[in-house]
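Shown here: my_file-v9.tsv, TSV, N, CA and C atoms.
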```
chain	number	residue	atom	x	y	z
Y	24	GLN	N	8.28	-12.51	-12.57
Y	24	GLN	CA	7.93	-11.33	-11.79
Y	24	GLN	C	6.72	-11.64	-10.91
Y	25	VAL	N	6.77	-11.21	-9.69
Y	25	VAL	CA	5.69	-11.43	-8.75
Y	25	VAL	C	4.79	-10.21	-8.73
Y	26	GLN	N	3.48	-10.43	-8.76
Y	26	GLN	CA	2.53	-9.33	-8.61
Y	26	GLN	C	2.01	-9.35	-7.18
Y	27	LEU	N	1.93	-8.18	-6.58
Y	27	LEU	CA	1.57	-8.08	-5.17
Y	27	LEU	C	0.41	-7.10	-4.99
Y	28	VAL	N	-0.50	-7.45	-4.09
Y	28	VAL	CA	-1.62	-6.58	-3.77
Y	28	VAL	C	-1.78	-6.52	-2.25
Y	29	GLU	N	-1.66	-5.32	-1.71
Y	29	GLU	CA	-1.83	-5.13	-0.28
Y	29	GLU	C	-3.28	-4.78	0.04
Y	30	SER	N	-3.70	-5.13	1.25
Y	30	SER	CA	-5.03	-4.77	1.71
Y	30	SER	C	-5.02	-4.74	3.23
Y	31	GLY	N	-6.10	-4.22	3.81
Y	31	GLY	CA	-6.23	-4.23	5.25
Y	31	GLY	C	-5.99	-2.90	5.94
Y	32	GLY	N	-5.59	-1.90	5.17
Y	32	GLY	CA	-5.37	-0.60	5.78
Y	32	GLY	C	-6.68	0.07	6.15
Y	33	GLY	N	-6.56	1.19	6.84
Y	33	GLY	CA	-7.75	1.93	7.23
Y	33	GLY	C	-7.45	2.92	8.33
Y	34	LEU	N	-8.51	3.42	8.93
Y	34	LEU	CA	-8.42	4.39	10.03
Y	34	LEU	C	-8.60	3.64	11.35
Y	35	VAL	N	-7.70	3.86	12.26
Y	35	VAL	CA	-7.77	3.19	13.57
Y	35	VAL	C	-7.35	4.18	14.64
Y	36	GLN	N	-7.90	4.02	15.82
Y	36	GLN	CA	-7.54	4.89	16.92
Y	36	GLN	C	-6.20	4.48	17.52
Y	37	PRO	N	-5.51	5.41	18.13
Y	37	PRO	CA	-4.26	5.05	18.82
Y	37	PRO	C	-4.51	3.93	19.83
Y	38	GLY	N	-3.57	2.99	19.84
Y	38	GLY	CA	-3.71	1.82	20.70
Y	38	GLY	C	-4.42	0.67	20.04
Y	39	GLY	N	-4.99	0.91	18.87
Y	39	GLY	CA	-5.73	-0.13	18.16
Y	39	GLY	C	-4.84	-1.04	17.35
Y	40	SER	N	-5.47	-1.94	16.60
Y	40	SER	CA	-4.75	-2.93	15.82
Y	40	SER	C	-5.29	-3.00	14.40
Y	41	LEU	N	-4.43	-3.40	13.50
Y	41	LEU	CA	-4.79	-3.72	12.13
Y	41	LEU	C	-3.95	-4.89	11.67
Y	42	ARG	N	-4.47	-5.64	10.72
Y	42	ARG	CA	-3.67	-6.66	10.07
Y	42	ARG	C	-3.66	-6.40	8.57
Y	43	LEU	N	-2.48	-6.12	8.07
Y	43	LEU	CA	-2.31	-5.93	6.63
Y	43	LEU	C	-2.03	-7.27	5.97
Y	44	SER	N	-2.51	-7.40	4.74
Y	44	SER	CA	-2.28	-8.60	3.96
Y	44	SER	C	-1.59	-8.25	2.66
Y	45	CYS	N	-0.79	-9.16	2.19
Y	45	CYS	CA	-0.08	-9.00	0.92
Y	45	CYS	C	-0.31	-10.28	0.14
Y	46	ALA	N	-1.09	-10.18	-0.92
Y	46	ALA	CA	-1.39	-11.33	-1.77
Y	46	ALA	C	-0.47	-11.33	-2.97
Y	47	ALA	N	0.16	-12.46	-3.21
Y	47	ALA	CA	1.13	-12.57	-4.30
Y	47	ALA	C	0.62	-13.52	-5.38
Y	48	SER	N	0.92	-13.19	-6.61
Y	48	SER	CA	0.67	-14.10	-7.71
Y	48	SER	C	1.95	-14.22	-8.52
Y	49	GLY	N	2.06	-15.28	-9.26
Y	49	GLY	CA	3.31	-15.55	-9.93
Y	49	GLY	C	3.97	-16.75	-9.29
Y	50	SER	N	5.13	-17.05	-9.73
Y	50	SER	CA	5.75	-18.30	-9.29
Y	50	SER	C	6.74	-18.09	-8.15
Y	51	ASP	N	7.00	-19.17	-7.46
Y	51	ASP	CA	8.10	-19.22	-6.50
Y	51	ASP	C	7.96	-18.26	-5.33
Y	52	PHE	N	6.73	-18.06	-4.86
Y	52	PHE	CA	6.54	-17.18	-3.71
Y	52	PHE	C	7.37	-17.67	-2.53
Y	53	ASP	N	7.42	-18.99	-2.35
Y	53	ASP	CA	8.12	-19.53	-1.18
Y	53	ASP	C	9.62	-19.31	-1.26
Y	54	LYS	N	10.13	-18.96	-2.41
Y	54	LYS	CA	11.56	-18.73	-2.58
Y	54	LYS	C	11.94	-17.26	-2.42
Y	55	ASN	N	10.96	-16.43	-2.10
Y	55	ASN	CA	11.20	-15.00	-1.95
Y	55	ASN	C	11.15	-14.57	-0.50
Y	56	ALA	N	12.04	-13.65	-0.15
Y	56	ALA	CA	11.90	-12.96	1.11
Y	56	ALA	C	10.82	-11.89	0.95
Y	57	ILE	N	10.14	-11.57	2.03
Y	57	ILE	CA	9.09	-10.56	2.02
Y	57	ILE	C	9.53	-9.38	2.87
Y	58	MET	N	9.32	-8.20	2.35
Y	58	MET	CA	9.66	-6.99	3.08
Y	58	MET	C	8.42	-6.10	3.15
Y	59	TRP	N	8.17	-5.53	4.32
Y	59	TRP	CA	7.12	-4.53	4.48
Y	59	TRP	C	7.78	-3.17	4.72
Y	60	TRP	N	7.30	-2.20	3.96
Y	60	TRP	CA	7.84	-0.85	4.01
Y	60	TRP	C	6.70	0.11	4.36
Y	61	ARG	N	7.06	1.32	4.72
Y	61	ARG	CA	6.06	2.37	4.85
Y	61	ARG	C	6.66	3.69	4.41
Y	62	GLN	N	5.78	4.58	3.99
Y	62	GLN	CA	6.23	5.89	3.54
Y	62	GLN	C	5.17	6.93	3.83
Y	63	THR	N	5.61	8.08	4.29
Y	63	THR	CA	4.74	9.22	4.47
Y	63	THR	C	5.19	10.32	3.53
Y	64	PRO	N	4.30	11.21	3.15
Y	64	PRO	CA	4.66	12.27	2.21
Y	64	PRO	C	5.86	13.08	2.70
Y	65	GLY	N	6.80	13.28	1.82
Y	65	GLY	CA	7.96	14.08	2.14
Y	65	GLY	C	9.08	13.34	2.83
Y	66	LYS	N	8.85	12.06	3.10
Y	66	LYS	CA	9.87	11.26	3.76
Y	66	LYS	C	10.27	10.08	2.89
Y	67	GLU	N	11.47	9.59	3.12
Y	67	GLU	CA	11.91	8.38	2.42
Y	67	GLU	C	11.16	7.17	2.98
Y	68	ARG	N	10.94	6.21	2.12
Y	68	ARG	CA	10.31	4.99	2.63
Y	68	ARG	C	11.28	4.26	3.55
Y	69	GLU	N	10.72	3.56	4.50
Y	69	GLU	CA	11.54	2.83	5.45
Y	69	GLU	C	11.02	1.40	5.57
Y	70	VAL	N	11.96	0.51	5.79
Y	70	VAL	CA	11.59	-0.88	6.03
Y	70	VAL	C	11.10	-1.01	7.46
Y	71	VAL	N	10.00	-1.68	7.66
Y	71	VAL	CA	9.53	-1.93	9.02
Y	71	VAL	C	9.73	-3.38	9.44
Y	72	SER	N	9.68	-4.30	8.47
Y	72	SER	CA	9.81	-5.70	8.84
Y	72	SER	C	10.11	-6.56	7.61
Y	73	CYS	N	10.79	-7.67	7.85
Y	73	CYS	CA	11.11	-8.63	6.79
Y	73	CYS	C	10.97	-10.04	7.33
Y	74	ILE	N	10.75	-10.97	6.40
Y	74	ILE	CA	10.77	-12.39	6.74
Y	74	ILE	C	11.48	-13.11	5.62
Y	75	SER	N	12.44	-13.93	5.97
Y	75	SER	CA	13.26	-14.60	4.97
Y	75	SER	C	12.51	-15.74	4.31
Y	76	SER	N	13.09	-16.26	3.24
Y	76	SER	CA	12.41	-17.31	2.48
Y	76	SER	C	12.65	-18.70	3.04
Y	77	ARG	N	13.78	-18.93	3.62
Y	77	ARG	CA	14.10	-20.29	4.04
Y	77	ARG	C	13.71	-20.54	5.48
Y	78	GLU	N	14.33	-19.88	6.39
Y	78	GLU	CA	14.14	-20.18	7.81
Y	78	GLU	C	13.03	-19.35	8.44
Y	79	ASN	N	12.33	-18.55	7.61
Y	79	ASN	CA	11.32	-17.64	8.13
Y	79	ASN	C	11.89	-16.77	9.25
Y	80	ARG	N	13.11	-16.35	9.05
Y	80	ARG	CA	13.72	-15.46	10.02
Y	80	ARG	C	13.07	-14.10	9.89
Y	81	THR	N	12.74	-13.49	11.02
Y	81	THR	CA	12.05	-12.20	11.00
Y	81	THR	C	12.94	-11.07	11.51
Y	82	TYR	N	12.66	-9.91	11.00
Y	82	TYR	CA	13.41	-8.72	11.36
Y	82	TYR	C	12.40	-7.59	11.57
Y	83	TYR	N	12.71	-6.67	12.49
Y	83	TYR	CA	11.84	-5.54	12.75
Y	83	TYR	C	12.68	-4.29	12.97
Y	84	SER	N	12.16	-3.17	12.52
Y	84	SER	CA	12.81	-1.91	12.85
Y	84	SER	C	12.57	-1.62	14.32
Y	85	SER	N	13.43	-0.81	14.88
Y	85	SER	CA	13.32	-0.51	16.31
Y	85	SER	C	12.01	0.20	16.63
Y	86	SER	N	11.46	0.92	15.65
Y	86	SER	CA	10.25	1.69	15.90
Y	86	SER	C	9.00	0.81	16.02
Y	87	VAL	N	9.07	-0.43	15.52
Y	87	VAL	CA	7.88	-1.29	15.55
Y	87	VAL	C	8.10	-2.58	16.31
Y	88	LYS	N	9.32	-2.87	16.67
Y	88	LYS	CA	9.62	-4.13	17.36
Y	88	LYS	C	8.81	-4.24	18.64
Y	89	GLY	N	8.20	-5.40	18.82
Y	89	GLY	CA	7.36	-5.62	19.98
Y	89	GLY	C	5.91	-5.26	19.77
Y	90	ARG	N	5.62	-4.55	18.67
Y	90	ARG	CA	4.24	-4.16	18.37
Y	90	ARG	C	3.74	-4.79	17.08
Y	91	PHE	N	4.62	-5.00	16.12
Y	91	PHE	CA	4.25	-5.56	14.82
Y	91	PHE	C	4.75	-7.00	14.73
Y	92	THR	N	3.99	-7.82	13.99
Y	92	THR	CA	4.37	-9.21	13.77
Y	92	THR	C	4.20	-9.54	12.29
Y	93	ILE	N	5.28	-9.98	11.68
Y	93	ILE	CA	5.22	-10.38	10.28
Y	93	ILE	C	5.07	-11.89	10.19
Y	94	SER	N	4.37	-12.35	9.17
Y	94	SER	CA	4.21	-13.78	8.96
Y	94	SER	C	3.99	-14.04	7.48
Y	95	ARG	N	4.04	-15.31	7.12
Y	95	ARG	CA	3.78	-15.67	5.74
Y	95	ARG	C	3.10	-17.02	5.70
Y	96	ASP	N	2.30	-17.21	4.67
Y	96	ASP	CA	1.64	-18.48	4.41
Y	96	ASP	C	1.95	-18.85	2.97
Y	97	ASN	N	2.96	-19.70	2.79
Y	97	ASN	CA	3.40	-20.02	1.43
Y	97	ASN	C	2.33	-20.76	0.63
Y	98	ALA	N	1.52	-21.56	1.31
Y	98	ALA	CA	0.48	-22.31	0.60
Y	98	ALA	C	-0.54	-21.37	-0.03
Y	99	LYS	N	-0.76	-20.23	0.62
Y	99	LYS	CA	-1.72	-19.25	0.10
Y	99	LYS	C	-1.03	-18.10	-0.63
Y	100	ALA	N	0.30	-18.12	-0.66
Y	100	ALA	CA	1.07	-17.03	-1.26
Y	100	ALA	C	0.68	-15.69	-0.64
Y	101	MET	N	0.65	-15.68	0.68
Y	101	MET	CA	0.25	-14.48	1.42
Y	101	MET	C	1.31	-14.12	2.46
Y	102	SER	N	1.41	-12.83	2.72
Y	102	SER	CA	2.17	-12.35	3.87
Y	102	SER	C	1.25	-11.43	4.66
Y	103	TYR	N	1.50	-11.36	5.96
Y	103	TYR	CA	0.69	-10.54	6.84
Y	103	TYR	C	1.58	-9.70	7.73
Y	104	LEU	N	1.06	-8.53	8.06
Y	104	LEU	CA	1.73	-7.67	9.03
Y	104	LEU	C	0.68	-7.29	10.07
Y	105	LYS	N	0.76	-7.92	11.24
Y	105	LYS	CA	-0.16	-7.60	12.33
Y	105	LYS	C	0.43	-6.46	13.12
Y	106	MET	N	-0.34	-5.40	13.24
Y	106	MET	CA	0.12	-4.19	13.89
Y	106	MET	C	-0.73	-3.93	15.13
Y	107	ASP	N	-0.10	-3.98	16.27
Y	107	ASP	CA	-0.77	-3.74	17.55
Y	107	ASP	C	-0.25	-2.47	18.20
Y	108	ARG	N	-1.03	-1.97	19.14
Y	108	ARG	CA	-0.65	-0.76	19.90
Y	108	ARG	C	-0.19	0.33	18.94
Y	109	LEU	N	-1.01	0.59	17.96
Y	109	LEU	CA	-0.66	1.56	16.93
Y	109	LEU	C	-0.57	2.96	17.50
Y	110	LYS	N	0.34	3.73	16.90
Y	110	LYS	CA	0.60	5.09	17.33
Y	110	LYS	C	0.34	6.03	16.15
Y	111	PRO	N	0.07	7.29	16.41
Y	111	PRO	CA	-0.12	8.24	15.28
Y	111	PRO	C	1.08	8.26	14.34
Y	112	GLU	N	2.28	8.06	14.87
Y	112	GLU	CA	3.46	8.08	14.00
Y	112	GLU	C	3.57	6.85	13.11
Y	113	ASP	N	2.69	5.87	13.28
Y	113	ASP	CA	2.64	4.73	12.37
Y	113	ASP	C	1.83	5.05	11.11
Y	114	THR	N	1.19	6.20	11.09
Y	114	THR	CA	0.42	6.61	9.92
Y	114	THR	C	1.34	6.68	8.69
Y	115	ALA	N	0.97	5.96	7.65
Y	115	ALA	CA	1.79	5.90	6.44
Y	115	ALA	C	1.08	5.03	5.41
Y	116	ASN	N	1.62	5.06	4.21
Y	116	ASN	CA	1.23	4.09	3.19
Y	116	ASN	C	2.16	2.89	3.33
Y	117	TYR	N	1.59	1.73	3.46
Y	117	TYR	CA	2.36	0.52	3.70
Y	117	TYR	C	2.42	-0.32	2.42
Y	118	TYR	N	3.61	-0.78	2.13
Y	118	TYR	CA	3.86	-1.58	0.93
Y	118	TYR	C	4.51	-2.90	1.30
Y	119	CYS	N	4.23	-3.93	0.51
Y	119	CYS	CA	5.02	-5.13	0.62
Y	119	CYS	C	5.86	-5.27	-0.65
Y	120	SER	N	6.96	-5.92	-0.49
Y	120	SER	CA	7.81	-6.23	-1.64
Y	120	SER	C	8.39	-7.62	-1.46
Y	121	THR	N	8.76	-8.22	-2.55
Y	121	THR	CA	9.42	-9.52	-2.50
Y	121	THR	C	10.81	-9.40	-3.13
Y	122	VAL	N	11.71	-10.17	-2.61
Y	122	VAL	CA	13.08	-10.22	-3.10
Y	122	VAL	C	13.46	-11.69	-3.22
Y	123	PRO	N	14.02	-12.09	-4.35
Y	123	PRO	CA	14.43	-13.50	-4.47
Y	123	PRO	C	15.35	-13.90	-3.33
Y	124	GLY	N	15.12	-15.10	-2.85
Y	124	GLY	CA	15.89	-15.57	-1.72
Y	124	GLY	C	17.39	-15.58	-1.96
Y	125	TRP	N	17.78	-15.84	-3.21
Y	125	TRP	CA	19.21	-15.90	-3.49
Y	125	TRP	C	19.87	-14.52	-3.48
Y	126	VAL	N	19.04	-13.46	-3.54
Y	126	VAL	CA	19.55	-12.10	-3.49
Y	126	VAL	C	19.55	-11.56	-2.06
Y	127	PHE	N	18.56	-11.98	-1.28
Y	127	PHE	CA	18.33	-11.42	0.04
Y	127	PHE	C	19.51	-11.66	0.95
Y	128	ARG	N	20.03	-10.57	1.50
Y	128	ARG	CA	21.17	-10.64	2.43
Y	128	ARG	C	20.85	-10.01	3.76
Y	129	GLY	N	19.57	-9.73	3.99
Y	129	GLY	CA	19.18	-9.14	5.25
Y	129	GLY	C	18.20	-8.02	5.03
Y	130	CYS	N	17.56	-7.64	6.11
Y	130	CYS	CA	16.55	-6.59	6.06
Y	130	CYS	C	17.23	-5.22	5.96
Y	131	PHE	N	16.44	-4.20	5.80
Y	131	PHE	CA	16.90	-2.81	5.83
Y	131	PHE	C	17.86	-2.52	4.68
Y	132	THR	N	17.60	-3.13	3.53
Y	132	THR	CA	18.40	-2.94	2.34
Y	132	THR	C	17.47	-2.70	1.16
Y	133	ASP	N	17.84	-1.79	0.30
Y	133	ASP	CA	17.08	-1.56	-0.92
Y	133	ASP	C	17.66	-2.47	-2.01
Y	134	TYR	N	16.85	-3.36	-2.53
Y	134	TYR	CA	17.32	-4.33	-3.51
Y	134	TYR	C	17.05	-3.90	-4.94
Y	135	GLY	N	16.69	-2.65	-5.10
Y	135	GLY	CA	16.56	-2.09	-6.43
Y	135	GLY	C	15.67	-2.90	-7.34
Y	136	ASN	N	16.16	-3.19	-8.52
Y	136	ASN	CA	15.35	-3.86	-9.52
Y	136	ASN	C	15.09	-5.33	-9.22
Y	137	PHE	N	15.71	-5.86	-8.19
Y	137	PHE	CA	15.43	-7.24	-7.81
Y	137	PHE	C	14.09	-7.36	-7.08
Y	138	ALA	N	13.57	-6.25	-6.61
Y	138	ALA	CA	12.35	-6.28	-5.80
Y	138	ALA	C	11.12	-6.08	-6.66
Y	139	SER	N	10.03	-6.77	-6.28
Y	139	SER	CA	8.70	-6.53	-6.85
Y	139	SER	C	7.87	-5.82	-5.78
Y	140	TRP	N	6.96	-4.95	-6.23
Y	140	TRP	CA	6.24	-4.09	-5.30
Y	140	TRP	C	4.74	-4.16	-5.53
Y	141	GLY	N	4.00	-3.94	-4.43
Y	141	GLY	CA	2.58	-3.72	-4.54
Y	141	GLY	C	2.29	-2.23	-4.61
Y	142	GLN	N	0.99	-1.88	-4.63
Y	142	GLN	CA	0.58	-0.48	-4.76
Y	142	GLN	C	0.42	0.21	-3.42
Y	143	GLY	N	0.38	-0.56	-2.35
Y	143	GLY	CA	0.30	0.04	-1.03
Y	143	GLY	C	-1.10	0.09	-0.47
Y	144	THR	N	-1.17	0.22	0.84
Y	144	THR	CA	-2.44	0.39	1.54
Y	144	THR	C	-2.23	1.41	2.65
Y	145	GLN	N	-3.15	2.36	2.75
Y	145	GLN	CA	-2.99	3.47	3.68
Y	145	GLN	C	-3.43	3.08	5.08
Y	146	VAL	N	-2.59	3.41	6.03
Y	146	VAL	CA	-2.92	3.23	7.45
Y	146	VAL	C	-2.90	4.60	8.11
Y	147	THR	N	-3.99	4.95	8.75
Y	147	THR	CA	-4.09	6.22	9.45
Y	147	THR	C	-4.45	5.95	10.90
Y	148	VAL	N	-3.60	6.43	11.79
Y	148	VAL	CA	-3.83	6.25	13.22
Y	148	VAL	C	-4.17	7.61	13.82
Y	149	SER	N	-5.41	7.76	14.20
Y	149	SER	CA	-5.87	9.06	14.67
Y	149	SER	C	-7.11	8.90	15.52
Y	150	SER	N	-7.24	9.79	16.49
Y	150	SER	CA	-8.45	9.78	17.32
Y	150	SER	C	-9.47	10.75	16.74
```

I'd like the structure from this file rewritten - as structure tokens, please.
Amino acid sequence: QVQLVESGGGLVQPGGSLRLSCAASGSDFDKNAIMWWRQTPGKEREVVSCISSRENRTYYSSSVKGRFTISRDNAKAMSYLKMDRLKPEDTANYYCSTVPGWVFRGCFTDYGNFASWGQGTQVTVSS
């Protein structure tokens, strides 16, 4: 089981930037796909971005494509979500999750019990 800790959230003005970090402990980080999700109260969580374990293939939801950049550093067991040109509608609690590479079949899928989760980090975009 992978343990995950997110950090980097905070309050930012519209148009600003933040970089979220996801620190992983446990084994085989490089064999896991990474998924970043967000959730606001009263709404279902949604996937915003993923990066695969093998080819580092990246995926983005239409709402963040062109503004967010996902990356990973396997040597440090870290994933990052760089968020630029932030909008008030990006306000949410952001989570990272990992999914074993052999399970991962693409982004925008709930992998249920195969996924490990962090506790989240709050991002608030407001003037």

Handout entry: Between atom CA of Y:Gln24 and atom CA of Y:Gly49, distance in Å (one decimal)
Key =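 Between atom CA of Y:Gln24 and atom CA of Y:Gly49 the gap is 6.5 Å.
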
Handout entry: Distance in Å - atom CA of Y:Ser76 versus atom CA of Y:Ala46
Key =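 Straight-line distance from atom CA of Y:Ser76 to atom CA of Y:Ala46 works out to 15.6 Å.
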
Where does stretch 36-65 of chain Y meet stretch 104-113 of chain Y within 7 Å, residue by residue, with the nearest atom pair and distance in Å to one decimal for each, counting only N, CA and C atoms, listed by chain and rising number, as JSON lines?
```
{"residue": "Y:Gln36", "atom": "C", "partner": "Y:Leu109", "partner_atom": "C", "distance": 5.8}
{"residue": "Y:Pro37", "atom": "CA", "partner": "Y:Leu109", "partner_atom": "C", "distance": 4.4}
{"residue": "Y:Gly38", "atom": "N", "partner": "Y:Leu109", "partner_atom": "C", "distance": 3.8}
{"residue": "Y:Gly39", "atom": "N", "partner": "Y:Leu109", "partner_atom": "N", "distance": 4.1}
{"residue": "Y:Ser40", "atom": "CA", "partner": "Y:Met106", "partner_atom": "C", "distance": 4.2}
{"residue": "Y:Leu41", "atom": "C", "partner": "Y:Met106", "partner_atom": "N", "distance": 4.0}
{"residue": "Y:Arg42", "atom": "CA", "partner": "Y:Lys105", "partner_atom": "CA", "distance": 4.3}
{"residue": "Y:Leu43", "atom": "N", "partner": "Y:Leu104", "partner_atom": "C", "distance": 3.9}
{"residue": "Y:Ser44", "atom": "N", "partner": "Y:Leu104", "partner_atom": "N", "distance": 5.0}
{"residue": "Y:Cys45", "atom": "N", "partner": "Y:Leu104", "partner_atom": "N", "distance": 6.2}
```

Handout entry: Secondary structure check, helix (DSSP H, G or I) residues of chain Y, as a ChimeraX atom specification
Key = /Y:52-54,111-113,135-137

Handout entry: Atom-to-atom span, atom N of Y:Ala56 and atom CA of Y:Arg77, Å
Key = 8.1 Å

Handout entry: Among the residues Y:Phe52, Y:Phe91, Y:Tyr83, Y:Tyr103, the one that comes closest to Y:Glu69 [using only C-alpha atoms]
Key = Y:Tyr83

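Take the candidates Y:Asp53, Y:Thr147, Y:Ala47, Y:Thr81 and check each one against Y:Thr114 using all atoms listed in the file; the shortest distance goes to Y:Thr147.
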
Problem - Residue nearest Y:Gly33 among Y:Ser150, Y:Thr121, Y:Gln145, Y:Asn97 (counting all atoms listed in the file) - result: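 Among the listed residues, the smallest separation from Y:Gly33 belongs to Y:Gln145.
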
Practice task
Pick out each residue of stretch 28-82 of chain Y that DSSP on the backbone tags as strand (DSSP E); I need them as number ranges by chain.
Solution key: Y: 28-30, 33-35, 41-48, 55-62, 69-74, 81-82

Problem - Pick from Y:Ile57, Y:Asn116, Y:Val148, Y:Ser102 nearest to Y:Gly129, counting only C-alpha atoms - result: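 Of Y:Ile57, Y:Asn116, Y:Val148, Y:Ser102, the one nearest Y:Gly129 is Y:Ile57, counting only C-alpha atoms.
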
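Each of Y:Ser149, Y:Asn136, Y:Thr144, Y:Ser50 was compared to Y:Tyr118 using only C-alpha atoms, and Y:Thr144 turns out to be the nearest.
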
Problem - Nearest to Y:Phe131, chosen from Y:Asn79, Y:Val70, Y:Ala98, Y:Ile93, with all atoms listed in the file counted in the distances - result: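 Of Y:Asn79, Y:Val70, Y:Ala98, Y:Ile93, the one nearest Y:Phe131 is Y:Val70, counting all atoms listed in the file.
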
Practice task
Please provide the set of residues having any atom within 6 Å of Y:Ala115, restricted to only C-alpha atoms, with same-chain residues fewer than 2 positions apart removed, written as a ChimeraX atom specification.
Solution key: /Y:61-63,146

If I only have part of stretch 47-58 of chain Y, can you fill in N, CA, C and O atoms and write it as a short mmCIF file (atom, residue, chain, number, x, y, z; two decimals), in the frame of the given file?
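Listing of rebuild38.cif after writing:
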```cif
data_model
loop_
_atom_site.label_atom_id
_atom_site.label_comp_id
_atom_site.auth_asym_id
_atom_site.auth_seq_id
_atom_site.Cartn_x
_atom_site.Cartn_y
_atom_site.Cartn_z
N ALA Y 47 0.16 -12.46 -3.21
CA ALA Y 47 1.13 -12.57 -4.30
C ALA Y 47 0.62 -13.52 -5.38
O ALA Y 47 -0.03 -14.53 -5.09
N SER Y 48 0.92 -13.19 -6.61
CA SER Y 48 0.67 -14.10 -7.71
C SER Y 48 1.95 -14.22 -8.52
O SER Y 48 2.81 -13.36 -8.45
N GLY Y 49 2.06 -15.28 -9.26
CA GLY Y 49 3.31 -15.55 -9.93
C GLY Y 49 3.97 -16.75 -9.29
O GLY Y 49 3.43 -17.36 -8.36
N SER Y 50 5.13 -17.05 -9.73
CA SER Y 50 5.75 -18.30 -9.29
C SER Y 50 6.74 -18.09 -8.15
O SER Y 50 7.20 -16.98 -7.91
N ASP Y 51 7.00 -19.17 -7.46
CA ASP Y 51 8.10 -19.22 -6.50
C ASP Y 51 7.96 -18.26 -5.33
O ASP Y 51 8.96 -17.72 -4.84
N PHE Y 52 6.73 -18.06 -4.86
CA PHE Y 52 6.54 -17.18 -3.71
C PHE Y 52 7.37 -17.67 -2.53
O PHE Y 52 7.99 -16.87 -1.81
N ASP Y 53 7.42 -18.99 -2.35
CA ASP Y 53 8.12 -19.53 -1.18
C ASP Y 53 9.62 -19.31 -1.26
O ASP Y 53 10.32 -19.45 -0.25
N LYS Y 54 10.13 -18.96 -2.41
CA LYS Y 54 11.56 -18.73 -2.58
C LYS Y 54 11.94 -17.26 -2.42
O LYS Y 54 13.11 -16.90 -2.62
N ASN Y 55 10.96 -16.43 -2.10
CA ASN Y 55 11.20 -15.00 -1.95
C ASN Y 55 11.15 -14.57 -0.50
O ASN Y 55 10.31 -15.03 0.28
N ALA Y 56 12.04 -13.65 -0.15
CA ALA Y 56 11.90 -12.96 1.11
C ALA Y 56 10.82 -11.89 0.95
O ALA Y 56 10.60 -11.37 -0.15
N ILE Y 57 10.14 -11.57 2.03
CA ILE Y 57 9.09 -10.56 2.02
C ILE Y 57 9.53 -9.38 2.87
O ILE Y 57 10.06 -9.57 3.98
N MET Y 58 9.32 -8.20 2.35
CA MET Y 58 9.66 -6.99 3.08
C MET Y 58 8.42 -6.10 3.15
O MET Y 58 7.73 -5.93 2.16
#
```
